[in-house]
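*Asks:* File follows, input_37.cif with mmCIF, C-alpha atoms:
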```cif
data_target
loop_
_atom_site.label_atom_id
_atom_site.label_comp_id
_atom_site.auth_asym_id
_atom_site.auth_seq_id
_atom_site.Cartn_x
_atom_site.Cartn_y
_atom_site.Cartn_z
CA MET A 1 -13.48 11.73 33.58
CA ASP A 2 -14.04 8.42 35.33
CA PHE A 3 -13.79 7.61 39.01
CA ILE A 4 -14.41 4.40 40.95
CA TYR A 5 -15.16 4.13 44.66
CA HIS A 6 -15.54 1.04 46.81
CA VAL A 7 -18.26 0.68 49.45
CA GLU A 8 -18.37 -1.94 52.20
CA GLY A 9 -21.69 -3.29 53.43
CA GLY A 10 -22.43 -2.36 57.04
CA ASP A 11 -19.86 0.45 57.12
CA PHE A 12 -22.10 3.24 58.35
CA THR A 13 -19.13 5.34 59.43
CA ASN A 14 -18.14 5.92 55.84
CA ALA A 15 -21.61 5.84 54.30
CA GLY A 16 -21.91 9.00 52.29
CA SER A 17 -18.20 9.65 51.80
CA THR A 18 -18.43 8.96 48.06
CA SER A 19 -21.45 11.26 47.77
CA SER A 20 -19.46 13.90 49.60
CA GLU A 21 -16.53 13.61 47.18
CA VAL A 22 -18.82 13.78 44.18
CA LYS A 23 -20.52 16.85 45.62
CA ARG A 24 -17.19 18.62 46.02
CA MET A 25 -16.23 17.67 42.47
CA LEU A 26 -19.48 18.96 40.94
CA LYS A 27 -19.30 22.22 42.88
CA LYS A 28 -15.74 22.75 41.72
CA LEU A 29 -16.87 22.23 38.13
CA GLY A 30 -19.49 24.94 38.56
CA VAL A 31 -22.53 22.70 38.09
CA SER A 32 -25.72 24.46 39.24
CA PRO A 33 -26.53 23.96 42.94
CA GLU A 34 -29.95 22.50 42.11
CA ILE A 35 -28.44 19.77 39.93
CA VAL A 36 -25.63 19.11 42.40
CA LYS A 37 -28.22 18.58 45.12
CA ARG A 38 -30.44 16.29 43.02
CA THR A 39 -27.40 14.23 42.05
CA VAL A 40 -25.92 13.83 45.51
CA VAL A 41 -29.27 13.10 47.15
CA ALA A 42 -29.86 10.29 44.64
CA LEU A 43 -26.28 9.07 45.05
CA TYR A 44 -26.38 9.24 48.84
CA GLU A 45 -29.61 7.23 49.03
CA ALA A 46 -28.11 4.64 46.69
CA GLU A 47 -24.81 4.57 48.60
CA VAL A 48 -26.66 4.06 51.89
CA ASN A 49 -28.62 1.25 50.23
CA ILE A 50 -25.36 -0.60 49.53
CA VAL A 51 -24.19 -0.12 53.11
CA ALA A 52 -27.59 -1.11 54.47
CA HIS A 53 -28.44 -4.10 52.29
CA ALA A 54 -25.41 -5.42 50.40
CA TYR A 55 -22.10 -7.10 51.27
CA ARG A 56 -20.06 -4.69 49.15
CA GLY A 57 -20.28 -2.59 46.04
CA ASP A 58 -18.55 -0.32 43.59
CA ILE A 59 -19.62 3.13 42.50
CA SER A 60 -18.50 4.24 39.04
CA VAL A 61 -18.81 7.90 38.22
CA ASN A 62 -18.52 9.09 34.65
CA LEU A 63 -18.43 12.85 34.16
CA GLU A 64 -18.98 14.42 30.77
CA GLU A 65 -19.40 18.05 29.81
CA ASP A 66 -23.18 17.87 29.87
CA ARG A 67 -23.99 15.07 32.32
CA ILE A 68 -23.00 12.77 35.14
CA HIS A 69 -23.59 9.04 34.83
CA ILE A 70 -23.32 6.94 37.98
CA ILE A 71 -23.42 3.16 38.30
CA LEU A 72 -23.71 1.53 41.72
CA ALA A 73 -23.15 -2.21 41.43
CA ASP A 74 -23.41 -4.30 44.57
CA GLU A 75 -22.99 -7.90 45.63
CA GLY A 76 -25.92 -8.62 47.86
CA PRO A 77 -29.32 -10.21 48.28
CA GLY A 78 -30.90 -8.40 45.33
CA ILE A 79 -34.44 -7.04 45.28
CA PRO A 80 -37.15 -9.70 44.89
CA ASN A 81 -39.78 -7.25 43.69
CA VAL A 82 -38.56 -3.91 42.31
CA ASP A 83 -42.09 -2.53 41.77
CA TRP A 84 -42.87 -3.19 45.43
CA ALA A 85 -39.58 -1.62 46.56
CA MET A 86 -40.23 1.48 44.44
CA GLN A 87 -43.38 2.26 46.40
CA LYS A 88 -42.97 4.65 49.30
CA GLY A 89 -43.04 2.93 52.67
CA ASN A 90 -41.95 -0.53 51.53
CA SER A 91 -38.68 -1.68 53.03
CA THR A 92 -36.84 -4.78 54.23
CA ALA A 93 -34.30 -2.78 56.24
CA SER A 94 -32.93 -4.11 59.51
CA PRO A 95 -33.45 -2.35 62.87
CA LYS A 96 -29.78 -1.24 62.66
CA VAL A 97 -30.49 0.58 59.40
CA ARG A 98 -33.58 2.23 60.90
CA GLU A 99 -31.46 3.43 63.82
CA MET A 100 -29.34 5.26 61.27
CA GLY A 101 -32.35 7.24 60.06
CA PHE A 102 -33.06 5.18 56.96
CA GLY A 103 -35.07 2.09 56.05
CA ALA A 104 -38.47 3.71 55.80
CA GLY A 105 -38.95 2.68 52.20
CA MET A 106 -38.16 6.05 50.70
CA GLY A 107 -34.72 5.41 49.23
CA LEU A 108 -35.61 4.13 45.77
CA PRO A 109 -38.46 6.65 45.28
CA ASN A 110 -36.03 9.41 46.33
CA ILE A 111 -33.47 8.17 43.80
CA LYS A 112 -36.12 8.16 41.08
CA ASN A 113 -37.28 11.68 41.96
CA ASN A 114 -33.75 13.03 41.84
CA SER A 115 -32.51 11.46 38.62
CA ASP A 116 -33.22 12.21 34.97
CA GLU A 117 -32.75 8.61 33.85
CA LEU A 118 -32.81 5.58 36.13
CA ASN A 119 -32.34 1.91 35.46
CA ILE A 120 -32.38 -0.83 38.10
CA GLN A 121 -31.19 -4.34 37.40
CA THR A 122 -31.31 -6.92 40.13
CA GLU A 123 -30.91 -10.63 40.64
CA VAL A 124 -31.96 -12.30 43.84
CA GLY A 125 -28.96 -13.81 45.61
CA LYS A 126 -26.44 -11.94 43.43
CA GLY A 127 -26.91 -8.22 43.69
CA THR A 128 -28.31 -5.01 42.34
CA THR A 129 -27.08 -2.42 39.88
CA ILE A 130 -28.52 1.06 39.98
CA ASP A 131 -27.61 3.21 37.04
CA PHE A 132 -28.64 6.84 36.81
CA THR A 133 -27.86 9.91 34.77
CA ASN A 134 -28.39 13.59 35.48
CA TYR A 135 -27.98 16.25 32.82
CA PHE A 136 -26.43 19.58 33.67
CA THR A 137 -28.78 21.53 31.41
CA HIS A 138 -32.46 20.94 30.82
CA MET B 1 -35.01 34.35 63.86
CA THR B 2 -31.27 33.76 64.26
CA VAL B 3 -29.63 30.55 65.38
CA GLU B 4 -28.55 32.36 68.53
CA GLU B 5 -32.15 33.31 69.36
CA ILE B 6 -33.20 29.72 68.79
CA ALA B 7 -30.44 28.48 71.09
CA THR B 8 -31.66 30.84 73.79
CA LEU B 9 -35.30 29.78 73.43
CA VAL B 10 -34.52 26.07 73.77
CA GLN B 11 -31.83 26.64 76.42
CA GLY B 12 -29.35 25.06 74.05
CA GLU B 13 -25.60 25.25 73.72
CA PHE B 14 -23.45 25.68 70.66
CA VAL B 15 -21.58 22.49 69.88
CA CYS B 16 -19.77 23.90 66.86
CA GLY B 17 -20.02 26.73 64.37
CA GLU B 18 -20.85 29.43 66.91
CA SER B 19 -19.41 31.97 64.48
CA PHE B 20 -22.49 31.29 62.32
CA LYS B 21 -24.87 32.19 65.16
CA ASN B 22 -26.39 35.07 63.18
CA ARG B 23 -27.65 32.85 60.38
CA GLU B 24 -31.33 33.37 59.75
CA VAL B 25 -33.73 30.47 60.29
CA THR B 26 -37.15 30.83 58.68
CA HIS B 27 -38.24 27.16 58.68
CA ILE B 28 -37.54 24.02 60.66
CA ILE B 29 -37.99 20.37 59.75
CA ALA B 30 -38.21 18.13 62.81
CA SER B 31 -37.42 14.53 61.92
CA ASP B 32 -35.42 11.48 62.90
CA LEU B 33 -35.95 10.02 59.46
CA MET B 34 -33.18 11.14 57.12
CA SER B 35 -34.91 9.97 53.94
CA ASP B 36 -37.70 12.37 54.83
CA VAL B 37 -35.22 15.20 55.15
CA LEU B 38 -33.69 14.28 51.79
CA THR B 39 -37.04 14.88 50.05
CA VAL B 40 -37.03 18.58 50.93
CA LYS B 41 -36.22 20.64 47.84
CA ASP B 42 -35.99 24.18 49.20
CA THR B 43 -33.55 24.17 52.11
CA ASP B 44 -32.65 27.87 52.18
CA ASN B 45 -32.74 29.15 55.79
CA LEU B 46 -33.89 25.70 56.91
CA MET B 47 -32.80 24.16 60.19
CA LEU B 48 -32.98 20.43 60.90
CA MET B 49 -34.20 19.47 64.36
CA THR B 50 -33.42 15.85 65.15
CA GLY B 51 -32.77 13.37 67.92
CA LEU B 52 -30.81 11.22 65.49
CA CYS B 53 -27.31 11.82 66.69
CA ASN B 54 -24.88 10.08 64.36
CA LEU B 55 -22.77 10.76 61.28
CA GLN B 56 -25.72 10.22 58.97
CA SER B 57 -27.57 13.22 60.34
CA ILE B 58 -24.57 15.37 59.38
CA ARG B 59 -24.18 13.67 56.00
CA THR B 60 -27.87 14.23 55.32
CA CYS B 61 -27.44 17.94 56.04
CA GLU B 62 -24.43 18.02 53.77
CA MET B 63 -26.31 16.43 50.85
CA SER B 64 -29.40 18.56 51.45
CA ASP B 65 -27.51 21.87 51.72
CA ILE B 66 -28.73 22.33 55.29
CA ASP B 67 -26.15 24.13 57.43
CA MET B 68 -28.02 24.50 60.73
CA LEU B 69 -28.73 21.59 63.06
CA LEU B 70 -30.55 21.45 66.39
CA VAL B 71 -29.97 18.22 68.30
CA VAL B 72 -32.67 17.45 70.86
CA ARG B 73 -33.18 15.03 73.76
CA GLY B 74 -29.74 15.76 75.20
CA LYS B 75 -27.96 13.47 72.77
CA ALA B 76 -24.18 13.65 72.81
CA VAL B 77 -22.66 14.92 69.58
CA THR B 78 -19.53 12.93 68.78
CA ASP B 79 -16.14 14.32 67.75
CA GLU B 80 -16.55 12.69 64.32
CA MET B 81 -19.84 14.51 63.85
CA ILE B 82 -18.29 17.81 64.85
CA GLU B 83 -15.36 17.32 62.49
CA LEU B 84 -17.66 16.60 59.56
CA ALA B 85 -19.96 19.47 60.49
CA GLU B 86 -17.02 21.87 60.65
CA ASP B 87 -15.83 20.69 57.23
CA ASN B 88 -19.24 21.76 55.93
CA ASP B 89 -19.44 25.11 57.76
CA MET B 90 -22.37 23.91 59.82
CA VAL B 91 -23.62 25.24 63.12
CA ILE B 92 -24.88 22.73 65.68
CA VAL B 93 -26.91 23.58 68.77
CA ALA B 94 -27.79 20.91 71.33
CA THR B 95 -30.62 21.02 73.85
CA GLY B 96 -31.88 18.69 76.52
CA PHE B 97 -35.46 19.46 75.52
CA SER B 98 -37.54 16.78 73.80
CA MET B 99 -38.36 17.27 70.14
CA TYR B 100 -41.98 17.95 71.04
CA LYS B 101 -41.07 20.63 73.56
CA ALA B 102 -38.44 22.32 71.38
CA ALA B 103 -40.74 22.25 68.34
CA GLY B 104 -43.62 23.69 70.36
CA ILE B 105 -41.53 26.56 71.70
CA LEU B 106 -40.05 27.46 68.33
CA TYR B 107 -43.29 27.13 66.39
CA GLY B 108 -44.97 29.29 68.99
CA SER B 109 -42.20 31.86 68.59
CA GLY B 110 -42.83 32.23 64.89
CA VAL B 111 -40.48 29.80 63.15
CA SER B 112 -42.48 28.15 60.37
CA SER B 113 -42.83 24.50 59.51
CA ILE B 114 -41.84 23.48 55.98
CA TYR B 115 -45.21 21.83 55.27
#
```
Please express the file's structure as structure tokens.

*Replies:*
Amino acid sequence: MDFIYHVEGGDFTNAGSTSSEVKRMLKKLGVSPEIVKRTVVALYEAEVNIVAHAYRGDISVNLEEDRIHIILADEGPGIPNVDWAMQKGNSTASPKVREMGFGAGMGLPNIKNNSDELNIQTEVGKGTTIDFTNYFTH
Amino acid sequence: MTVEEIATLVQGEFVCGESFKNREVTHIIASDLMSDVLTVKDTDNLMLMTGLCNLQSIRTCEMSDIDMLLVVRGKAVTDEMIELAEDNDMVIVATGFSMYKAAGILYGSGVSSIY
């Protein structure tokens, strides 16, 4: 099954609505609560990243019997130094983002900790694609 | 300790989900930083105490499987927050106490910290 969701940069009212839908879907499919939580925490952090940093983005969700594969592709400033951004505490978030409870440099490390496979591709001035997979059985 | 007992101790009021007042709280995380909350793995019987009063605090609870929220500093909980909280069977208590004061009272009354 494939689903696509659109996310607008700066739209904090709807930030997390895709993660919410995916959570409902995984619960309905009977995926274990631990894996549902890991998946939606990673997805929510990545969704908030689009809202916080990008102009817009699309989230593609591919569900198979044994795994969920999610691609978040945004149009935005990109990440100049991914290694730097992957370290806890490093962030370029605006004061507005910090007011929302994010922007403390924990998003990408949280995504890494909650995904089985993670790939980040980014180009400064164009955007970032975060691609992660979680397996339903270990 | 139940949510109702916590509400009494911090002189709080139920904003929504009063029917869940008998839920048991064993631990509290006090934070305005939602990414911090999202790192917590075991959220059974965990309550979030926060002064961050916006939709993201509710969304964070939803993603973290936290269904008990204590809003401090007298922040006004919006209708949108209540609607989302109700969709997720959450109970919200609001108090005018500061986070420091509420945390001190509850820690002193035996509710554990997560770390």

*Asks:* Within 8 Å of chain A, which residues of chain B show up? Give each one with its shortest atom-to-atom distance in Å (one decimal) and the two atoms involved, counting only C-alpha atoms, rows by chain then rising residue number, as a Markdown table.

*Replies:*
```
| residue | atom | partner | partner_atom | distance |
| --- | --- | --- | --- | --- |
| B:Asp32 | CA | A:Gly101 | CA | 6.0 |
| B:Leu33 | CA | A:Gly101 | CA | 4.6 |
| B:Met34 | CA | A:Gly101 | CA | 5.0 |
| B:Ser35 | CA | A:Phe102 | CA | 6.0 |
| B:Asp36 | CA | A:Met106 | CA | 7.6 |
| B:Leu38 | CA | A:Val41 | CA | 6.5 |
| B:Thr39 | CA | A:Asn110 | CA | 6.7 |
| B:Leu52 | CA | A:Gly101 | CA | 6.9 |
| B:Asn54 | CA | A:Met100 | CA | 7.3 |
| B:Leu55 | CA | A:Thr13 | CA | 6.8 |
| B:Gln56 | CA | A:Met100 | CA | 6.6 |
| B:Ser57 | CA | A:Gly101 | CA | 7.7 |
| B:Arg59 | CA | A:Gly16 | CA | 6.4 |
| B:Glu62 | CA | A:Ser20 | CA | 7.7 |
| B:Met63 | CA | A:Val41 | CA | 5.8 |
| B:Ser64 | CA | A:Lys37 | CA | 6.4 |
| B:Asp65 | CA | A:Lys37 | CA | 7.4 |
```

*Asks:* List the neighbours of B:Asp79 out to 12 Å using only C-alpha atoms; skip same-chain residues closer than 3 positions along the sequence, and give me the result as a list in words.

*Replies:* Val15, Cys16, Cys53, Asn54, Leu55, Ile58, Ala76, Ile82, Glu83, Leu84, Ala85 and Glu86 of chain B

*Asks:* Identify, on the basis of only C-alpha atoms, every residue whose closest approach to A:Val51 does not exceed 8 Å; exclude the query and any residue fewer than 3 positions from it along the same chain; express the result as an MDAnalysis selection string.

*Replies:* chainID A and resid 7:12 15 47:48 54:56

*Asks:* Between atom CA of A:Arg67 and atom CA of A:Ile35, what is the spacing in Å?

*Replies:* 10.0 Å

*Asks:* Exactly which residues make up the result of the PyMOL selection byres ((chain B and resi 26) around 12) on this file, given as an MDAnalysis selection string?

*Replies:* chainID B and resid 1:3 6 23:25 27:29 42:48 68 106:107 109:114

*Asks:* Next, write the just-selected residues to a file, as a PDB file, in the coordinates of the input, keeping C-alpha atoms as the atom set.

*Replies:*
```
ATOM      1  CA  MET B   1     -35.010  34.350  63.860  1.00  0.00           C
ATOM      2  CA  THR B   2     -31.270  33.760  64.260  1.00  0.00           C
ATOM      3  CA  VAL B   3     -29.630  30.550  65.380  1.00  0.00           C
ATOM      4  CA  ILE B   6     -33.200  29.720  68.790  1.00  0.00           C
ATOM      5  CA  ARG B  23     -27.650  32.850  60.380  1.00  0.00           C
ATOM      6  CA  GLU B  24     -31.330  33.370  59.750  1.00  0.00           C
ATOM      7  CA  VAL B  25     -33.730  30.470  60.290  1.00  0.00           C
ATOM      8  CA  HIS B  27     -38.240  27.160  58.680  1.00  0.00           C
ATOM      9  CA  ILE B  28     -37.540  24.020  60.660  1.00  0.00           C
ATOM     10  CA  ILE B  29     -37.990  20.370  59.750  1.00  0.00           C
ATOM     11  CA  ASP B  42     -35.990  24.180  49.200  1.00  0.00           C
ATOM     12  CA  THR B  43     -33.550  24.170  52.110  1.00  0.00           C
ATOM     13  CA  ASP B  44     -32.650  27.870  52.180  1.00  0.00           C
ATOM     14  CA  ASN B  45     -32.740  29.150  55.790  1.00  0.00           C
ATOM     15  CA  LEU B  46     -33.890  25.700  56.910  1.00  0.00           C
ATOM     16  CA  MET B  47     -32.800  24.160  60.190  1.00  0.00           C
ATOM     17  CA  LEU B  48     -32.980  20.430  60.900  1.00  0.00           C
ATOM     18  CA  MET B  68     -28.020  24.500  60.730  1.00  0.00           C
ATOM     19  CA  LEU B 106     -40.050  27.460  68.330  1.00  0.00           C
ATOM     20  CA  TYR B 107     -43.290  27.130  66.390  1.00  0.00           C
ATOM     21  CA  SER B 109     -42.200  31.860  68.590  1.00  0.00           C
ATOM     22  CA  GLY B 110     -42.830  32.230  64.890  1.00  0.00           C
ATOM     23  CA  VAL B 111     -40.480  29.800  63.150  1.00  0.00           C
ATOM     24  CA  SER B 112     -42.480  28.150  60.370  1.00  0.00           C
ATOM     25  CA  SER B 113     -42.830  24.500  59.510  1.00  0.00           C
ATOM     26  CA  ILE B 114     -41.840  23.480  55.980  1.00  0.00           C
TER      27      ILE B 114
END
```

*Asks:* For atom CA of A:Val97 and atom CA of A:Lys112, quote the distance in Å rounded to one decimal.

*Replies:*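 Atom-to-atom, atom CA of A:Val97 and atom CA of A:Lys112 are spaced 20.6 Å apart.
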
*Asks:* Give as a ChimeraX atom specification the set of residues within 12 Å of the point (-26.2, 22.5, 75.6), where distances use the file's coordinates and all atoms listed in the file.

*Replies:* /B:7-16,70-77,92-97

*Asks:* So that I can see what lies close to B:Met99, please list as number ranges by chain the residues with an atom at most 8 Å from it, counting only C-alpha atoms and leaving out residues fewer than 2 positions away in the same chain.

*Replies:* B: 30, 49-51, 72-73, 97, 101-103
